[in-house]
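Novice: Got a structure for you, query.cif, holding mmCIF, C-alpha atoms and all ligand atoms.
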data_run
#
loop_
_atom_site.label_atom_id
_atom_site.label_comp_id
_atom_site.auth_asym_id
_atom_site.auth_seq_id
_atom_site.Cartn_x
_atom_site.Cartn_y
_atom_site.Cartn_z
CA MET A 1 63.73 -143.02 35.26
CA THR A 2 67.18 -143.24 33.76
CA LEU A 3 70.06 -144.01 36.05
CA LEU A 4 71.69 -140.60 35.74
CA PRO A 5 69.17 -137.80 36.37
CA SER A 6 69.19 -134.57 34.35
CA CYS A 7 70.07 -131.19 35.85
CA ARG A 8 66.38 -130.30 36.05
CA GLU A 9 65.57 -133.55 37.89
CA VAL A 10 68.51 -133.11 40.25
CA GLN A 11 67.57 -129.54 41.16
CA THR A 12 63.95 -130.50 41.67
CA GLN A 13 64.90 -133.18 44.18
CA LEU A 14 67.72 -131.58 46.15
CA THR A 15 65.65 -130.93 49.29
CA GLU A 16 64.42 -134.55 49.29
CA TYR A 17 68.04 -135.55 48.68
CA ALA A 18 69.26 -133.49 51.65
CA GLU A 19 66.54 -134.94 53.90
CA GLY A 20 67.42 -138.48 52.85
CA THR A 21 63.94 -139.41 51.64
CA LEU A 22 64.79 -140.56 48.10
CA PRO A 23 65.21 -144.22 47.09
CA LEU A 24 68.81 -145.34 47.11
CA PRO A 25 69.32 -145.62 43.30
CA ARG A 26 68.16 -142.03 42.85
CA ARG A 27 70.38 -140.84 45.70
CA ILE A 28 73.37 -142.45 44.06
CA GLY A 29 72.38 -140.98 40.69
CA ILE A 30 72.19 -137.48 42.16
CA TRP A 31 75.43 -137.95 44.06
CA ILE A 32 77.25 -138.88 40.86
CA HIS A 33 75.60 -136.04 38.93
CA LEU A 34 76.71 -133.55 41.59
CA PHE A 35 80.24 -134.86 41.35
CA PHE A 36 80.45 -134.02 37.64
CA CYS A 37 78.11 -131.03 37.26
CA HIS A 38 79.41 -127.84 38.81
CA VAL A 39 76.18 -125.93 38.07
CA CYS A 40 74.02 -128.29 40.13
CA ALA A 41 76.71 -128.53 42.80
CA GLY A 42 76.69 -124.72 42.99
CA PHE A 43 72.90 -124.76 43.27
CA LEU A 44 73.18 -127.16 46.23
CA ARG A 45 75.83 -124.98 47.89
CA GLY A 46 73.45 -122.04 47.51
CA LEU A 47 70.59 -124.01 49.09
CA ARG A 48 72.82 -124.96 52.01
CA ALA A 49 74.00 -121.39 52.53
CA LEU A 50 70.50 -119.93 52.37
CA PRO A 51 69.22 -120.65 55.93
CA GLY A 52 72.31 -119.18 57.60
CA LEU A 53 72.30 -116.06 55.46
CA ALA A 54 68.54 -115.62 55.82
CA LYS A 55 68.76 -116.02 59.60
CA ARG A 56 71.34 -113.26 59.80
CA ALA A 57 69.57 -110.96 57.35
CA LEU A 58 66.19 -111.41 59.04
CA ALA A 59 67.42 -111.28 62.65
CA PRO A 60 65.42 -109.06 65.00
CA PRO A 61 66.36 -105.36 64.82
CA GLU A 62 67.85 -103.78 67.95
CA ALA A 63 64.81 -101.65 68.70
CA ALA A 64 61.24 -102.88 68.46
CA PRO A 65 59.29 -101.11 65.71
CA GLU A 66 56.69 -98.49 66.57
CA GLU A 67 53.73 -100.82 66.00
CA ALA A 68 55.11 -103.42 68.41
CA SER A 69 55.40 -100.82 71.16
CA ARG A 70 51.83 -99.76 70.41
CA ALA A 71 50.65 -103.37 70.84
CA LEU A 72 52.41 -103.60 74.22
CA ALA A 73 50.94 -100.27 75.35
CA GLU A 74 47.48 -101.48 74.35
CA ILE A 75 47.87 -104.62 76.46
CA GLN A 76 49.14 -102.61 79.42
CA THR A 77 46.07 -100.37 79.20
CA ARG A 78 43.86 -103.46 79.17
CA LEU A 79 45.64 -104.84 82.25
CA LYS A 80 45.20 -101.53 84.10
CA ARG A 81 41.48 -101.58 83.31
CA GLN A 82 41.21 -105.14 84.61
CA GLN A 83 42.97 -104.16 87.82
CA SER A 84 40.67 -101.25 88.64
CA MET B 1 60.19 -94.49 88.91
CA THR B 2 63.41 -93.86 90.88
CA GLU B 3 63.54 -97.41 92.23
CA ALA B 4 66.50 -99.61 91.45
CA PRO B 5 65.99 -101.77 88.34
CA ARG B 6 64.39 -105.09 89.25
CA THR B 7 65.55 -108.53 88.21
CA GLU B 8 63.60 -110.48 85.63
CA THR B 9 62.38 -112.89 88.31
CA GLU B 10 61.00 -110.01 90.39
CA LEU B 11 59.34 -108.51 87.33
CA ILE B 12 57.72 -111.85 86.49
CA GLN B 13 56.28 -112.13 90.02
CA LEU B 14 54.97 -108.55 89.97
CA ALA B 15 53.56 -108.84 86.46
CA ALA B 16 51.79 -112.09 87.36
CA THR B 17 49.86 -110.22 90.06
CA GLY B 18 48.62 -107.75 87.44
CA ASP B 19 51.22 -104.95 87.71
CA SER B 20 51.10 -103.54 84.18
CA ASP B 21 54.27 -101.45 84.56
CA ALA B 22 56.18 -104.55 85.61
CA PHE B 23 54.74 -106.40 82.64
CA GLY B 24 55.93 -103.64 80.31
CA ALA B 25 59.41 -103.65 81.83
CA LEU B 26 59.52 -107.44 81.56
CA VAL B 27 58.49 -107.63 77.90
CA GLN B 28 60.15 -104.50 76.48
CA PRO B 29 63.69 -105.94 76.16
CA HIS B 30 62.31 -108.87 74.12
CA LEU B 31 59.68 -107.02 72.13
CA ALA B 32 61.79 -106.74 68.96
CA LEU B 33 62.43 -110.51 69.08
CA PHE B 34 58.76 -111.35 69.64
CA HIS B 35 57.52 -109.03 66.91
CA ASN B 36 60.15 -110.19 64.43
CA GLY B 37 59.25 -113.86 64.95
CA ILE B 38 55.58 -113.22 64.30
CA GLN B 39 56.20 -110.93 61.35
CA ARG B 40 58.40 -113.47 59.58
CA ILE B 41 55.48 -115.90 59.65
CA LEU B 42 52.59 -113.59 58.87
CA GLY B 43 54.29 -110.88 56.85
CA ASN B 44 53.87 -107.17 57.37
CA THR B 45 50.11 -107.23 57.90
CA ALA B 46 47.40 -106.38 60.40
CA ASP B 47 47.49 -110.08 61.32
CA THR B 48 50.93 -109.53 62.82
CA GLN B 49 49.54 -106.85 65.14
CA ASP B 50 46.64 -109.12 66.16
CA ALA B 51 48.93 -112.08 66.80
CA LEU B 52 51.35 -109.97 68.85
CA GLN B 53 48.51 -108.71 71.05
CA ASP B 54 47.14 -112.26 71.44
CA ALA B 55 50.62 -113.48 72.35
CA LEU B 56 51.19 -110.75 74.94
CA MET B 57 47.84 -111.56 76.56
CA SER B 58 48.74 -115.27 76.63
CA ILE B 59 52.15 -114.50 78.10
CA HIS B 60 50.53 -112.46 80.85
CA ARG B 61 47.87 -115.10 81.51
CA ASP B 62 50.42 -117.92 81.69
CA LEU B 63 53.03 -116.08 83.79
CA PRO B 64 51.98 -117.87 87.03
CA ARG B 65 52.79 -121.13 85.24
CA PHE B 66 56.23 -120.00 84.04
CA GLU B 67 58.60 -122.17 86.01
CA GLY B 68 61.90 -120.70 84.97
CA ARG B 69 63.12 -123.94 83.47
CA SER B 70 63.77 -122.12 80.20
CA ARG B 71 64.66 -118.47 79.74
CA PHE B 72 61.73 -116.07 79.76
CA SER B 73 62.64 -114.88 76.24
CA SER B 74 62.52 -118.38 74.69
CA TRP B 75 59.36 -119.30 76.63
CA GLY B 76 57.65 -116.10 75.42
CA TYR B 77 58.97 -116.55 71.89
CA LYS B 78 57.35 -119.98 71.67
CA ILE B 79 54.02 -118.45 72.71
CA CYS B 80 54.45 -115.81 69.99
CA LEU B 81 55.05 -118.40 67.25
CA ASN B 82 51.99 -120.34 68.40
CA ALA B 83 49.90 -117.17 68.33
CA ALA B 84 51.05 -116.49 64.77
CA LEU B 85 50.12 -120.02 63.70
CA MET B 86 46.73 -119.74 65.43
CA VAL B 87 45.91 -116.48 63.64
CA ARG B 88 46.85 -118.08 60.35
CA ARG B 89 44.69 -121.12 61.09
CA SER B 90 41.64 -119.05 62.00
CA ARG B 91 41.64 -117.38 58.60
CA VAL B 92 39.82 -118.96 55.70
CA ARG B 93 42.49 -120.64 53.65
CA LEU B 94 43.85 -117.99 51.40
CA HIS B 95 44.26 -118.71 47.73
CA ASP B 96 47.41 -120.74 47.90
CA MET B 97 48.93 -121.19 44.51
CA GLU B 98 50.14 -124.62 43.53
CA ARG B 99 52.66 -124.22 40.77
CA ALA B 100 54.80 -126.79 39.11
CA GLU B 101 57.50 -124.32 38.13
CA GLY B 102 59.96 -122.68 40.44
CA LEU B 103 61.60 -125.90 41.54
CA ALA B 104 64.83 -125.46 39.62
CA ILE B 105 66.85 -122.63 38.16
CA GLY B 106 67.43 -123.02 34.42
CA PRO B 107 67.94 -122.49 31.60
CA PHE B 108 67.84 -126.16 30.57
CA ASP B 109 67.99 -127.82 27.14
CA GLU B 110 65.32 -130.26 25.94
CA ARG B 111 67.02 -133.09 27.85
CA GLY B 112 66.85 -131.12 31.06
CA HIS B 113 70.54 -130.29 31.20
CA HIS B 114 72.06 -126.88 31.79
CA THR B 115 72.67 -124.88 28.65
CA GLU B 116 75.04 -122.43 30.32
CA GLN B 117 78.28 -123.94 31.46
CA ASP B 118 80.19 -120.76 32.23
CA ARG B 119 81.60 -120.39 35.67
CA THR B 120 79.80 -117.43 37.23
CA PRO B 121 80.70 -116.50 40.79
CA GLU B 122 78.41 -118.03 43.39
CA TRP B 123 75.99 -115.60 45.01
CA GLN B 124 76.49 -116.85 48.55
CA GLU B 125 80.26 -116.39 48.35
CA GLU B 126 79.90 -112.90 46.91
CA ALA B 127 77.37 -112.02 49.61
CA GLN B 128 79.80 -113.14 52.31
CA ALA B 129 82.79 -111.48 50.67
CA HIS B 130 81.07 -108.10 50.38
CA GLN B 131 79.29 -108.40 53.72
CA LEU B 132 75.96 -107.85 52.03
CA VAL B 133 74.20 -109.88 54.70
CA GLU B 134 74.56 -107.09 57.23
CA ARG B 135 73.05 -104.55 54.85
CA GLN B 136 69.52 -103.23 55.08
CA GLU B 137 68.97 -103.78 51.32
CA MET B 138 69.53 -107.51 51.73
CA ARG B 139 66.94 -107.61 54.53
CA GLU B 140 64.49 -105.72 52.32
CA CYS B 141 65.14 -107.97 49.34
CA LEU B 142 64.52 -111.11 51.41
CA THR B 143 61.47 -109.65 53.15
CA ARG B 144 59.94 -108.74 49.79
CA ALA B 145 60.71 -112.17 48.36
CA LEU B 146 59.17 -113.84 51.45
CA ASP B 147 56.07 -111.65 51.18
CA GLU B 148 55.60 -112.76 47.59
CA LEU B 149 55.60 -116.45 48.48
CA PRO B 150 52.20 -118.11 48.89
CA ASP B 151 51.22 -118.21 52.58
CA SER B 152 51.91 -121.85 53.29
CA HIS B 153 55.23 -121.74 51.43
CA ARG B 154 56.49 -118.81 53.46
CA MET B 155 55.47 -120.49 56.72
CA VAL B 156 57.20 -123.72 55.80
CA PHE B 157 60.44 -121.89 54.95
CA VAL B 158 60.34 -119.77 58.12
CA LEU B 159 59.59 -122.70 60.43
CA LYS B 160 62.16 -125.01 58.85
CA ASP B 161 65.08 -122.79 57.83
CA LEU B 162 64.77 -119.91 60.31
CA GLU B 163 63.19 -121.57 63.36
CA GLU B 164 64.76 -125.00 62.74
CA TRP B 165 61.62 -127.05 63.36
CA GLU B 166 61.51 -130.71 62.33
CA THR B 167 59.69 -131.46 59.08
CA ASP B 168 57.19 -133.71 60.89
CA ASP B 169 56.32 -130.98 63.43
CA ILE B 170 55.72 -128.49 60.63
CA ALA B 171 53.52 -131.02 58.83
CA ARG B 172 51.45 -131.52 61.97
CA HIS B 173 51.03 -127.79 62.66
CA LEU B 174 50.11 -126.91 59.08
CA GLN B 175 48.10 -130.08 58.48
CA LEU B 176 50.20 -131.13 55.50
CA THR B 177 51.97 -134.36 54.67
CA PRO B 178 55.74 -134.33 55.26
CA ALA B 179 56.20 -134.78 51.50
CA ALA B 180 54.11 -131.65 50.85
CA VAL B 181 56.21 -129.77 53.43
CA ARG B 182 59.40 -130.79 51.64
CA GLN B 183 57.98 -129.78 48.27
CA ARG B 184 56.92 -126.34 49.52
CA LEU B 185 60.23 -125.94 51.30
CA HIS B 186 62.11 -126.75 48.14
CA ARG B 187 60.08 -124.36 46.01
CA SER B 188 60.55 -121.57 48.57
CA ARG B 189 64.28 -122.16 48.81
CA THR B 190 64.64 -122.22 45.05
CA LEU B 191 62.68 -119.01 44.55
CA LEU B 192 64.50 -117.24 47.37
CA GLN B 193 67.85 -118.39 46.05
CA ALA B 194 66.97 -117.09 42.58
CA ARG B 195 66.04 -113.71 44.07
CA LEU B 196 69.19 -113.47 46.14
CA ARG B 197 71.33 -114.45 43.18
CA THR B 198 69.83 -111.64 41.14
CA PHE B 199 70.23 -109.23 44.04
CA VAL B 200 73.85 -110.16 44.71
CA LEU B 201 75.15 -110.73 41.20
CA GLY B 202 72.87 -108.27 39.42
CA GLY B 203 71.37 -109.12 36.07
CA HIS B 204 67.78 -109.66 35.09
CA PRO B 205 65.18 -109.39 37.85
ZN ZN A 301 73.51 -130.60 36.66
#
For this file, write the structure as structure tokens.
Ligand SMILES: [Zn+2]
Specialist:
Amino acid sequence: MTLLPSCREVQTQLTEYAEGTLPLPRRIGIWIHLFFCHVCAGFLRGLRALPGLAKRALAPPEAAPEEASRALAEIQTRLKRQQS
Amino acid sequence: MTEAPRTETELIQLAATGDSDAFGALVQPHLALFHNGIQRILGNTADTQDALQDALMSIHRDLPRFEGRSRFSSWGYKICLNAALMVRRSRVRLHDMERAEGLAIGPFDERGHHTEQDRTPEWQEEAQAHQLVERQEMRECLTRALDELPDSHRMVFVLKDLEEWETDDIARHLQLTPAAVRQRLHRSRTLLQARLRTFVLGGHP
């Protein structure tokens, strides 16, 4: 392991880097690499933006889809049967 | 049917005694949320239907124990996520690909450094600028990309980045080591980012 990691190594370890689980020398190496390499820094910005964008894009729709309403109706029928 | 609309608390009490109309009225406003949460974990499959039905039965069964300390929607949502995880656990482990690639976006030279140094616009900024996030196509692109991930990878991404669970909790639920969770998370994020970049900036699929 050289002191300054390559782009491939940096990108492979960015989630570990963000979670703080890497050994200190590697964290420093990645930190320095990110300072000088705009491609890897852009990759990290993309990773950070992903959860927020995905949350918005995959938020629940306003109306429940047909099959969800069918599931609820099925359960209601079962409850009615249990009652009688 | 002409009665005044009841409060959620009244509906909970009625539904707990077995009133199926009250149960329907109680759940209906949150049905899209419940279904969406399960579908993100299990994909668009028959399993999602099964898990939703299981969850609704559990919600009904546990209503007498609902103490109102949290909102009904978040209490029910938690039951839905658990039902989705249970359905997944009951299945024989599906062929879950372990691949070494997909952890970084190249191209790289033989020393592992980027070969392209041109400044392309960043996909996430373009997506924000053009309000692509609100568009149906973006939802479809992400849903497709999620569906294509191996089962355990999709679940890790959904639980961590959409549901905001702690890595250790995910590891416990999926019976993985935290390091394996982080590795799957990273691969999922990298693949999803590559897909979104292609979708937003165009270029080669
Ligand atoms: Zn780099």
Novice: Pick out the residues sitting within 10 Å of Leu4 in chain A, and hand them over as a list in words; count all atoms listed in the file, and ignore anything fewer than 3 positions along from it in its own chain.
Specialist: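 The contact residues come out as Met1, Cys7, Glu9, Val10, Pro25, Arg26, Ile28, Gly29, Ile30, Trp31, Ile32 and His33 of chain A.
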Novice: For the contact check between chain B and chain A, emit one row per residue of chain B within 6 Å, containing the shortest atom pair and the distance in Å rounded to one decimal, counting all atoms listed in the file, chain then rising number order, as CSV.
Specialist:
residue,atom,partner,partner_atom,distance
B:Ser20,CA,A:Gln76,CA,5.2
B:Leu31,CA,A:Ala64,CA,5.7
B:Ala32,CA,A:Ala64,CA,3.9
B:Leu33,CA,A:Pro60,CA,5.3
B:Asn36,CA,A:Pro60,CA,5.4
B:Gln53,CA,A:Ala71,CA,5.8
B:Leu103,CA,A:Thr12,CA,5.2
B:Ala104,CA,A:Gln11,CA,5.2
B:Gly112,CA,A:Arg8,CA,5.1
B:His113,CA,A:Cys7,CA,4.8
B:Val133,CA,A:Ala57,CA,5.4
B:Arg139,CA,A:Ala57,CA,5.1
B:Asp161,CA,A:Pro51,CA,5.0
B:Leu162,CA,A:Lys55,CA,5.6
B:His186,CA,A:Thr15,CA,5.6
Novice: Would you tabulate, counting all atoms listed in the file, all residues of chain B that have an atom at most 12 Å from an atom of ligand ZN 301 (chain A), showing the closest pair of atoms and their distance in Å to one decimal, sorted by chain then ascending number, as JSON lines?
Specialist:
{"residue": "B:Ala104", "atom": "CA", "partner": "A:ZN301", "partner_atom": "ZN", "distance": 10.5}
{"residue": "B:Ile105", "atom": "CA", "partner": "A:ZN301", "partner_atom": "ZN", "distance": 10.5}
{"residue": "B:Gly106", "atom": "CA", "partner": "A:ZN301", "partner_atom": "ZN", "distance": 10.0}
{"residue": "B:Pro107", "atom": "CA", "partner": "A:ZN301", "partner_atom": "ZN", "distance": 11.1}
{"residue": "B:Phe108", "atom": "CA", "partner": "A:ZN301", "partner_atom": "ZN", "distance": 9.4}
{"residue": "B:Asp109", "atom": "CA", "partner": "A:ZN301", "partner_atom": "ZN", "distance": 11.4}
{"residue": "B:Arg111", "atom": "CA", "partner": "A:ZN301", "partner_atom": "ZN", "distance": 11.2}
{"residue": "B:Gly112", "atom": "CA", "partner": "A:ZN301", "partner_atom": "ZN", "distance": 8.7}
{"residue": "B:His113", "atom": "CA", "partner": "A:ZN301", "partner_atom": "ZN", "distance": 6.2}
{"residue": "B:His114", "atom": "CA", "partner": "A:ZN301", "partner_atom": "ZN", "distance": 6.3}
{"residue": "B:Thr115", "atom": "CA", "partner": "A:ZN301", "partner_atom": "ZN", "distance": 9.9}
{"residue": "B:Glu116", "atom": "CA", "partner": "A:ZN301", "partner_atom": "ZN", "distance": 10.5}
{"residue": "B:Gln117", "atom": "CA", "partner": "A:ZN301", "partner_atom": "ZN", "distance": 9.7}
Novice: Could you please determine the separation between CA of Asn44 in chain B and CA of Glu166 in chain B in Å, to one decimal place?
Specialist: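 The value is 25.2 Å.
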Novice: Hey, can you check how far CA of Asp21 in chain B sits from CA of Leu63 in chain B?
Specialist: 14.7 Å
Novice: Provide the CA of Cys80 in chain B to CA of Thr7 in chain B distance in Å, to one decimal place.
Specialist: 22.5 Å
Novice: Could you list, as a list in words, every residue within 10 Å of Gln39 in chain B, counting only C-alpha atoms and ignoring same-chain residues fewer than 2 positions away?
Specialist: Leu33, Phe34, His35, Asn36, Gly37, Ile41, Leu42, Gly43, Asn44, Thr45, Ala46, Asp47, Thr48, Gln49, Ala51, Leu52, Leu81, Ala84 and Thr143 of chain B
